[in-house]
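Below is protein20.cif, holding mmCIF, C-alpha atoms, pLDDT in the B column; chains and numbers go by the auth columns.
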data_protein
#
loop_
_atom_site.group_PDB
_atom_site.id
_atom_site.type_symbol
_atom_site.label_atom_id
_atom_site.label_comp_id
_atom_site.label_asym_id
_atom_site.label_seq_id
_atom_site.Cartn_x
_atom_site.Cartn_y
_atom_site.Cartn_z
_atom_site.B_iso_or_equiv
_atom_site.auth_seq_id
_atom_site.auth_asym_id
ATOM 1 C CA ALA A 1 0.000 0.000 0.000 60.00 1 A
ATOM 2 C CA TRP A 2 2.873 2.405 0.847 60.00 2 A
ATOM 3 C CA ASP A 3 4.594 2.065 -2.531 60.00 3 A
ATOM 4 C CA ASP A 4 1.299 2.180 -4.411 61.00 4 A
ATOM 5 C CA PHE A 5 0.115 5.382 -2.713 67.00 5 A
ATOM 6 C CA PHE A 6 3.384 7.324 -2.857 69.00 6 A
ATOM 7 C CA SER A 7 4.360 6.189 -6.387 69.00 7 A
ATOM 8 C CA GLU A 8 1.433 8.258 -7.681 70.00 8 A
ATOM 9 C CA ARG A 9 3.142 11.387 -6.202 71.00 9 A
ATOM 10 C CA PRO A 10 -0.137 12.692 -4.767 75.00 10 A
ATOM 11 C CA THR A 11 -0.606 16.066 -3.150 85.00 11 A
ATOM 12 C CA ALA A 12 -2.092 15.174 0.210 87.00 12 A
ATOM 13 C CA TYR A 13 -2.193 16.275 3.810 93.00 13 A
ATOM 14 C CA LEU A 14 -1.072 13.490 6.126 92.00 14 A
ATOM 15 C CA ARG A 15 -1.473 12.982 9.843 94.00 15 A
ATOM 16 C CA LEU A 16 0.804 10.399 11.400 94.00 16 A
ATOM 17 C CA ARG A 17 1.577 8.900 14.759 94.00 17 A
ATOM 18 C CA THR A 18 5.134 7.997 15.610 95.00 18 A
ATOM 19 C CA THR A 19 6.050 4.868 17.529 95.00 19 A
ATOM 20 C CA ASP A 20 6.537 7.001 20.678 96.00 20 A
ATOM 21 C CA GLY A 21 2.935 8.291 20.382 95.00 21 A
ATOM 22 C CA THR A 22 3.638 11.762 18.977 95.00 22 A
ATOM 23 C CA LEU A 23 0.984 13.025 16.563 95.00 23 A
ATOM 24 C CA LEU A 24 2.413 14.935 13.566 96.00 24 A
ATOM 25 C CA ALA A 25 1.015 16.323 10.317 95.00 25 A
ATOM 26 C CA GLY A 26 2.274 17.714 7.065 94.00 26 A
ATOM 27 C CA LEU A 27 1.836 18.270 3.361 93.00 27 A
ATOM 28 C CA PHE A 28 3.111 15.657 0.917 90.00 28 A
ATOM 29 C CA ALA A 29 3.606 17.411 -2.441 88.00 29 A
ATOM 30 C CA LYS A 30 6.221 18.135 -5.132 89.00 30 A
ATOM 31 C CA LYS A 31 9.152 18.668 -2.744 89.00 31 A
ATOM 32 C CA SER A 32 8.293 15.658 -0.559 86.00 32 A
ATOM 33 C CA TYR A 33 9.849 12.196 -0.622 83.00 33 A
ATOM 34 C CA ALA A 34 8.781 8.752 0.519 84.00 34 A
ATOM 35 C CA ALA A 35 11.306 5.930 0.291 82.00 35 A
ATOM 36 C CA GLY A 36 9.890 2.758 -1.196 68.00 36 A
ATOM 37 C CA PHE A 37 10.860 -0.896 -1.353 73.00 37 A
ATOM 38 C CA PRO A 38 13.575 -2.099 -0.922 75.00 38 A
ATOM 39 C CA GLN A 39 14.524 0.878 1.307 73.00 39 A
ATOM 40 C CA GLU A 40 12.987 1.416 4.734 74.00 40 A
ATOM 41 C CA PRO A 41 9.869 3.606 4.486 75.00 41 A
ATOM 42 C CA ASP A 42 11.070 6.999 5.708 84.00 42 A
ATOM 43 C CA LEU A 43 9.123 10.123 4.875 91.00 43 A
ATOM 44 C CA LEU A 44 9.988 13.745 4.119 89.00 44 A
ATOM 45 C CA LEU A 45 6.992 16.089 4.003 92.00 45 A
ATOM 46 C CA GLU A 46 7.619 19.477 2.407 95.00 46 A
ATOM 47 C CA GLU A 47 5.620 21.326 5.091 96.00 47 A
ATOM 48 C CA MET A 48 4.998 20.476 8.719 96.00 48 A
ATOM 49 C CA TRP A 49 1.578 21.576 9.998 96.00 49 A
ATOM 50 C CA GLU A 50 0.433 22.596 13.465 96.00 50 A
ATOM 51 C CA LEU A 51 -2.331 20.472 14.976 95.00 51 A
ATOM 52 C CA ASP A 52 -4.998 21.675 17.390 95.00 52 A
ATOM 53 C CA GLU A 53 -6.077 19.783 20.536 93.00 53 A
ATOM 54 C CA ASN A 54 -8.421 17.634 18.400 92.00 54 A
ATOM 55 C CA GLY A 55 -5.675 16.653 15.957 90.00 55 A
ATOM 56 C CA GLU A 56 -7.011 18.906 13.177 92.00 56 A
ATOM 57 C CA LEU A 57 -4.578 20.740 10.893 93.00 57 A
ATOM 58 C CA VAL A 58 -4.369 24.447 11.716 94.00 58 A
ATOM 59 C CA ARG A 59 -1.566 26.099 9.739 94.00 59 A
ATOM 60 C CA SER A 60 1.734 25.478 8.013 95.00 60 A
ATOM 61 C CA LEU A 61 4.792 25.914 10.207 96.00 61 A
ATOM 62 C CA GLY A 62 6.899 26.805 7.151 96.00 62 A
ATOM 63 C CA TYR A 63 9.491 24.046 7.362 97.00 63 A
ATOM 64 C CA PRO A 64 9.753 20.389 6.294 97.00 64 A
ATOM 65 C CA LEU A 65 9.124 17.352 8.463 96.00 65 A
ATOM 66 C CA TYR A 66 11.302 14.230 8.325 95.00 66 A
ATOM 67 C CA VAL A 67 10.243 10.981 9.973 93.00 67 A
ATOM 68 C CA ALA A 68 12.836 8.213 9.962 90.00 68 A
ATOM 69 C CA ALA A 69 12.146 4.635 8.973 79.00 69 A
ATOM 70 C CA GLY A 70 10.821 2.578 11.835 87.00 70 A
ATOM 71 C CA ASN A 71 9.366 5.599 13.643 92.00 71 A
ATOM 72 C CA ILE A 72 6.009 5.616 11.832 90.00 72 A
ATOM 73 C CA ALA A 73 3.213 3.733 13.624 92.00 73 A
ATOM 74 C CA TRP A 74 0.448 4.801 11.205 92.00 74 A
ATOM 75 C CA ILE A 75 -0.424 7.383 8.559 90.00 75 A
ATOM 76 C CA GLU A 76 -3.810 8.890 7.769 91.00 76 A
ATOM 77 C CA ILE A 77 -4.766 10.894 4.673 87.00 77 A
ATOM 78 C CA VAL A 78 -6.530 14.066 5.819 88.00 78 A
ATOM 79 C CA PRO A 79 -9.289 15.414 3.578 77.00 79 A
ATOM 80 C CA GLN A 80 -8.949 19.097 2.715 69.00 80 A
ATOM 81 C CA GLN A 81 -11.339 21.050 4.915 57.00 81 A
ATOM 82 C CA GLY A 82 -12.551 24.258 3.276 51.00 82 A
ATOM 83 C CA ASP A 83 -10.350 27.318 3.459 47.00 83 A
ATOM 84 C CA GLU A 84 -8.588 26.345 6.694 48.00 84 A
ATOM 85 C CA ILE A 85 -6.046 24.368 4.709 46.00 85 A
ATOM 86 C CA GLU A 86 -4.613 25.956 1.593 49.00 86 A
ATOM 87 C CA GLU A 87 -2.294 24.098 -0.768 48.00 87 A
ATOM 88 C CA THR A 88 1.029 25.746 -1.545 47.00 88 A
ATOM 89 C CA ALA A 89 2.677 25.661 -4.960 43.00 89 A
#

Could you write out this structure as C-alpha cells?
Amino acid sequence: AWDDFFSERPTAYLRLRTTDGTLLAGLFAKKSYAAGFPQEPDLLLEEMWELDENGELVRSLGYPLYVAAGNIAWIEIVPQQGDEIEETA
C-alpha cells in the first residue's frame, strides 16, 4: 500500500503517529519524498503543519518534516477542509 500510494506522487495532507505516540502532520507534495521498497519507508513532508487539541490541521509551520524509517506507527490521509487548509505551490 505504501509504494502504491506514494508512487502516484499525490498532493495530500497526512497525519501520522510515531512509535513514541507523537501526533504529527504535514503536506506531501512536489518537494516531498517517501522511500519505497527495498529501502525502509522513511518520509519527508515538504511542510509540517500545526495540529490543534483535536488533531485537526491548523496552519503550516513553514518548514519540512522528516520521519525516519521505523518511527512511523500509522499514517492517515486528511481530507482538505474548506479554506482552513490551503495548498502551496

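Candidate residues A:Met48, A:Ala35, A:Ala68, A:Ala73 were compared for distance to Leu14 in chain A, and the nearest is A:Met48, using all atoms listed in the file.
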
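Note that the spacing between CA of Tyr13 in chain A and CA of Ala69 in chain A amounts to 19.2 Å.
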
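CA of Ala25 in chain A is positioned 7.1 Å from CA of Leu51 in chain A.
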
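Within 12 Å of the point (7.0, 4.1, 12.5), counting all atoms listed in the file, the protein and nucleic acid residues come to Leu16, Arg17, Thr18, Thr19, Asp20, Gly21, Thr22, Leu23, Leu24, Glu40, Pro41, Asp42, Leu43, Tyr66, Val67, Ala68, Ala69, Gly70, Asn71, Ile72, Ala73, Trp74 and Ile75 of chain A.
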
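Counting from CA of Leu61 in chain A, the distance to CA of Glu47 in chain A is 6.9 Å.
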
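Minimum atom-to-atom distances from A:Arg15, A:Lys30, A:Pro10, A:Pro38 to Val58 in chain A were compared using only C-alpha atoms, and the lowest value belongs to A:Arg15.
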
- Query: Written as a ChimeraX atom specification, which residues does the PyMOL selection byres ((chain A and resi 59) around 7) give for the file shown?
  - Reply: /A:49-50,57-58,60-61,85

- Message: From the options A:Gln39, A:Glu76, A:Arg9, A:Tyr33, which residue's atoms come nearest to Gly55 in chain A, counting only C-alpha atoms?
- Response: A:Glu76

Assuming the input is short of atoms at range 13-24 of chain A, produce N, CA, C and O atoms for that part as a compact mmCIF listing (two decimals), in the frame of the given file.
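The new file part-v3.txt reads:
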# COMPACT_ATOMS: atom_id res chain seq x y z
N TYR A 13 -2.53 15.98 2.42
CA TYR A 13 -2.19 16.27 3.81
C TYR A 13 -2.22 14.97 4.58
O TYR A 13 -3.14 14.17 4.41
N LEU A 14 -1.19 14.73 5.37
CA LEU A 14 -1.07 13.49 6.13
C LEU A 14 -0.97 13.80 7.61
O LEU A 14 -0.32 14.75 8.01
N ARG A 15 -1.62 12.95 8.39
CA ARG A 15 -1.47 12.98 9.84
C ARG A 15 -0.85 11.65 10.19
O ARG A 15 -1.27 10.61 9.67
N LEU A 16 0.15 11.66 11.04
CA LEU A 16 0.80 10.40 11.40
C LEU A 16 1.13 10.34 12.87
O LEU A 16 1.29 11.36 13.53
N ARG A 17 1.17 9.13 13.37
CA ARG A 17 1.58 8.90 14.76
C ARG A 17 2.90 8.17 14.71
O ARG A 17 3.07 7.21 13.98
N THR A 18 3.84 8.65 15.52
CA THR A 18 5.13 8.00 15.61
C THR A 18 5.04 6.84 16.62
O THR A 18 4.07 6.74 17.37
N THR A 19 6.05 6.02 16.63
CA THR A 19 6.05 4.87 17.53
C THR A 19 6.12 5.28 19.00
O THR A 19 5.77 4.49 19.87
N ASP A 20 6.54 6.54 19.28
CA ASP A 20 6.54 7.00 20.68
C ASP A 20 5.23 7.71 21.04
O ASP A 20 5.10 8.27 22.12
N GLY A 21 4.24 7.73 20.11
CA GLY A 21 2.94 8.29 20.38
C GLY A 21 2.74 9.74 19.97
O GLY A 21 1.65 10.28 20.13
N THR A 22 3.75 10.37 19.41
CA THR A 22 3.64 11.76 18.98
C THR A 22 2.77 11.85 17.73
O THR A 22 2.94 11.08 16.79
N LEU A 23 1.84 12.79 17.72
CA LEU A 23 0.98 13.02 16.56
C LEU A 23 1.57 14.17 15.76
O LEU A 23 1.83 15.26 16.30
N LEU A 24 1.82 13.95 14.46
CA LEU A 24 2.41 14.94 13.57
C LEU A 24 1.56 15.06 12.32
O LEU A 24 0.77 14.16 12.01
